[in-house]
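A.B. asks: Below is one structure. I have some questions about it.
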Amino acid sequence: MFETLDATLLARLQFAFTISFHIVFPAFSIGLASYLAVLEGLWLWTKDEVYFALFNFWKTIFALTFGMGVVSGIVMSYQFGTNWSVFADKAGPVIGPLMGYEVLTAFFLEAGFLGVMLFGLNRVGPKLHFFATLMVALGTLISATWILAANSWMQTPAGFSVNEAGQFVPTDWWAVIFNPSFPYRLVHMVLAAYLTTAFVVGGVGALHLLRGDAPKRAGKMFSMAMWMAALVAPIQIFAGDMHGLNTLEHQPAKVMAMEGHFQSHPDGAPLILFGVPNAAEQRVDYAIEIPKLSSLILKHDLNAPLAGLDTVPRDLQPPVAVVFWSFRVMVAIGFAMLGLGLWSLWCRWRGTLGENRWLHRAAVLMGPAGFLAVLAGWVTTEVGRQPYTVYGHLLTADSVAPVDAPAVATSLIAFIIVYFLVFGAGTFYILRLMGRLPRDPLPEEEGPIRTAGITPAAAVSSKAGSHRHGA
């Protein structure tokens with residue numbers, strides 16, 4: 001029944017499915033590891049037990065998230081040998097060492113100190129334990145650095161030559177790692193991870209504030225999360241704009257698809273807010289647009305000319321509809337994050353941050369927003385790179401392994417079933433943990449609790465009592 005399907009399309013769908021499951025875990029664990037380091041540092045500095053309680057609460061969730069991220073990443077990497085063996089052969093001399101460096105410098109660092117962070121406080125002491133937490137956080141950032149270096153090289157390849165076998169061979173590792181898009185993509189992804197974590201933490205804190213079951217702990221985590229949202233969201237929008245300008249320089253067809261510019265605009269291009277991309281007719285139907293605003297954003301000049309997809313051969317154009325809408329989803333969520341952050345600042349200024357129930361409801365609703373934005377951003381990046389795996393040098397159709405469509409389809413179905421069962425169960429358990437924030441401890445009393453008008457009798461020692469019984 002699968003013989004009529006395209007093996008390349010199925011292989012792309014399988015990789016897209018597995019990486020979509022995988023990316024949500026690192027996006028959360030990168031930010032959560034840094035949040036844990038902040039919590040423990042504040043606990044050591046202030047001796048406030050609320051920070052330590054929050055550290056223990058999120059530590060368990062981090063461990064589960066980290067484990068699922070590792071498992072989903074390992075499974076995903078096997079596809080380089082099964083479905084994409086030609087890509088592995090041609091790009092392996094560049095991609096292979098970068099992924100190896102990620103394991104050696106980041107994964108080992110995370111895994112080595114993770115056990116100390118989870119179980120070693122009473123064995124190594126608070127200072128060394130804090131150092132272990134910092135190393136786990138550093139490891140997640142280093143891991144992101146190597147993975148983004150590899151993926152950025154596929155987007156903007158540099159520092160290589162092609163040998164007689166058609167393989168990409170590194171000639172300058174500095175140019176390979178620090179390729180033109182790498183700094184922008186690294187900053188954009190790390191900030192996205194921090195925002196993802198902030199909105200999850202903020203959503204959990206808001207949920208418990210609405211329930212009223214742990215107001216002190218919930219209020220503390222909600223306040224910290226809203227600070228992160230208010231401060232990082234505008235920085236992320238600026239970083240995204242810089243990333244877009246870099247993409248325009250090195251991957252113009254991707255930006256044309258993001259903007260929906262099928263036609264060139266010599267006198268200023270409009271910003272198309274919404275519409276229905278029509279690739280067959282090379283136009284956007286029912287477009288709602290603002291004249292010349294796209295030229296102002298991309299070129300900082302209302303009348304700056306912008307080339308369209310009419311300058312790109314049809315067979316080299318990315319799938320416009322997917323890129324067009326995923327980009328808008330990402331941008332819309334980004335501005336929604338900014339709006340919630342600004343709203344929290346207003347409530348903080350008025351002293352109602354912990355009491356505004358509409359803000360809390362909005363924060364709960366925005367809890368998964370970071371994951372959706374990350375997925376939309378990766379769809380924009382990866383689909384916008386098509387029809388290439390190595391942009392401008394290696395076509396996706398020339399990268400796939402010589403496998404039959406039925407074999408790929410069968411493994412794709414197996415992945416879907418297993419992933420939803422395994423990672424669905426893990427995600428359900430994490431959500432249950434998030435819903436079980438321990439109650440605030442009762443305040444310690446300075447004296448014995450007594451009923452009004454009754455003076456308690458003098459305490460009698462157990463020793464005296466035993467003598468009486470023995471008399």
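Each chain in the structure tokens gets a letter, A, B and so on, in the order shown; residues start at 1 in every chain, and ligands are counted from 1 in the order they appear.
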Skipping near chain neighbours, those fewer than 3 positions away, what residues fall within 9 Å of Gly268 (chain A) using only C-alpha atoms, listed as a PyMOL selection string?

C.D. replies: chain A and resi 265+291-296+301-306

A.B. asks: Using all heavy atoms, can you write the selected residues to a file as a compact mmCIF listing (two decimals), in the first residue's frame?

C.D. replies:
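This is the output file part32.txt:
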```
# COMPACT_ATOMS: atom_id res chain seq x y z
N HIS A 265 9.85 43.51 -5.98
CA HIS A 265 9.28 44.85 -5.74
C HIS A 265 10.41 45.87 -5.87
O HIS A 265 11.18 46.08 -4.93
CB HIS A 265 8.64 44.93 -4.35
CG HIS A 265 7.47 44.03 -4.19
ND1 HIS A 265 7.59 42.70 -3.84
CD2 HIS A 265 6.13 44.27 -4.35
CE1 HIS A 265 6.38 42.16 -3.77
NE2 HIS A 265 5.48 43.09 -4.07
N PRO A 291 1.68 48.57 2.77
CA PRO A 291 2.61 48.95 1.70
C PRO A 291 4.00 49.34 2.24
O PRO A 291 4.12 50.05 3.24
CB PRO A 291 1.92 50.14 1.04
CG PRO A 291 0.47 49.97 1.38
CD PRO A 291 0.45 49.36 2.74
N LYS A 292 5.00 48.80 1.61
CA LYS A 292 6.41 49.17 1.77
C LYS A 292 7.00 48.85 3.16
O LYS A 292 8.17 49.13 3.40
CB LYS A 292 6.63 50.65 1.46
CG LYS A 292 6.24 51.03 0.04
CD LYS A 292 6.74 52.40 -0.35
CE LYS A 292 6.42 52.71 -1.82
NZ LYS A 292 7.01 53.97 -2.26
N LEU A 293 6.22 48.28 4.05
CA LEU A 293 6.73 48.03 5.40
C LEU A 293 7.78 46.93 5.43
O LEU A 293 8.70 46.97 6.24
CB LEU A 293 5.58 47.68 6.34
CG LEU A 293 5.95 47.55 7.82
CD1 LEU A 293 6.60 48.84 8.34
CD2 LEU A 293 4.72 47.21 8.67
N SER A 294 7.69 45.95 4.53
CA SER A 294 8.70 44.89 4.49
C SER A 294 10.07 45.46 4.11
O SER A 294 11.09 45.06 4.67
CB SER A 294 8.29 43.81 3.49
OG SER A 294 9.20 42.72 3.53
N SER A 295 10.10 46.38 3.18
CA SER A 295 11.37 47.03 2.81
C SER A 295 11.94 47.82 3.98
O SER A 295 13.15 47.83 4.21
CB SER A 295 11.17 47.95 1.61
OG SER A 295 10.98 47.22 0.42
N LEU A 296 11.05 48.46 4.76
CA LEU A 296 11.52 49.21 5.91
C LEU A 296 12.13 48.27 6.96
O LEU A 296 13.17 48.58 7.54
CB LEU A 296 10.37 50.00 6.52
CG LEU A 296 10.71 50.83 7.76
CD1 LEU A 296 11.71 51.93 7.41
CD2 LEU A 296 9.44 51.44 8.37
N ASP A 301 14.57 51.00 4.71
CA ASP A 301 14.28 52.03 3.71
C ASP A 301 12.95 51.68 3.06
O ASP A 301 12.77 50.58 2.54
CB ASP A 301 15.40 52.06 2.66
CG ASP A 301 15.19 53.14 1.61
OD1 ASP A 301 14.14 53.82 1.64
OD2 ASP A 301 16.07 53.30 0.75
N LEU A 302 11.99 52.61 3.13
CA LEU A 302 10.66 52.34 2.59
C LEU A 302 10.68 52.00 1.10
O LEU A 302 9.86 51.21 0.62
CB LEU A 302 9.75 53.55 2.82
CG LEU A 302 9.24 53.78 4.24
CD1 LEU A 302 8.56 55.14 4.34
CD2 LEU A 302 8.27 52.67 4.64
N ASN A 303 11.60 52.58 0.36
CA ASN A 303 11.63 52.41 -1.10
C ASN A 303 12.70 51.44 -1.56
O ASN A 303 12.97 51.35 -2.77
CB ASN A 303 11.83 53.76 -1.78
CG ASN A 303 10.70 54.73 -1.48
OD1 ASN A 303 9.52 54.38 -1.62
ND2 ASN A 303 11.04 55.94 -1.06
N ALA A 304 13.31 50.70 -0.64
CA ALA A 304 14.37 49.77 -1.02
C ALA A 304 13.79 48.63 -1.84
O ALA A 304 12.75 48.06 -1.50
CB ALA A 304 15.07 49.22 0.22
N PRO A 305 14.43 48.26 -2.94
CA PRO A 305 13.93 47.14 -3.75
C PRO A 305 14.17 45.81 -3.05
O PRO A 305 15.17 45.62 -2.35
CB PRO A 305 14.75 47.25 -5.04
CG PRO A 305 16.02 47.94 -4.63
CD PRO A 305 15.64 48.89 -3.52
N LEU A 306 13.25 44.88 -3.22
CA LEU A 306 13.39 43.52 -2.69
C LEU A 306 13.06 42.53 -3.80
O LEU A 306 12.02 42.63 -4.44
CB LEU A 306 12.45 43.29 -1.50
CG LEU A 306 12.88 43.87 -0.15
CD1 LEU A 306 11.82 43.55 0.90
CD2 LEU A 306 14.23 43.31 0.29
```

A.B. asks: Env of region 394-411 of chain A: 6 Å cut, atoms = only C-alpha atoms, seq-sep filter 5 positions within chain, self excluded. Answer as a count of residues only.

C.D. replies: 11

A.B. asks: I need the helix (DSSP H, G or I) residues of region 284-429 of chain A per DSSP on the backbone, written as an MDAnalysis selection string.

C.D. replies: chainID A and resid 293:299 309:311 314:316 320:350 357:365 369:385 396:398 405:429

A.B. asks: Find the spatial neighbours of region 343-360 of chain A, counting only C-alpha atoms, within a cut-off of 10 Å - ignore same-chain residues fewer than 3 positions away - and output them as a PyMOL selection string.

C.D. replies: chain A and resi 202-210+215-216+218-220+222-223+225-227+229-231+337-340+363-366

A.B. asks: When distances are computed from only C-alpha atoms, which of A:Ile430, A:Leu121, A:His393, A:Met154 shows the smallest separation from Phe62 (chain A)?

C.D. replies: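 Of all the options, A:Ile430 lies closest to Phe62 (chain A).
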
A.B. asks: Find the distance between CA of Thr145 (chain A) and CA of Leu186 (chain A) and write it in Å to one decimal.

C.D. replies: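 Value for the CA of Thr145 (chain A)-CA of Leu186 (chain A) distance: 6.5 Å.
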
A.B. asks: Quick one: pull the distance between CA of Gly159 (chain A) and CA of Gly96 (chain A), Å, one decimal.

C.D. replies: 15.1 Å

A.B. asks: Which residue, A:Pro97, A:Pro180, A:Gly308, A:Gly69, has the smallest gap to Ala158 (chain A) when you use only C-alpha atoms?

C.D. replies: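 Comparing A:Pro97, A:Pro180, A:Gly308, A:Gly69 against Ala158 (chain A), the winner is A:Pro180.
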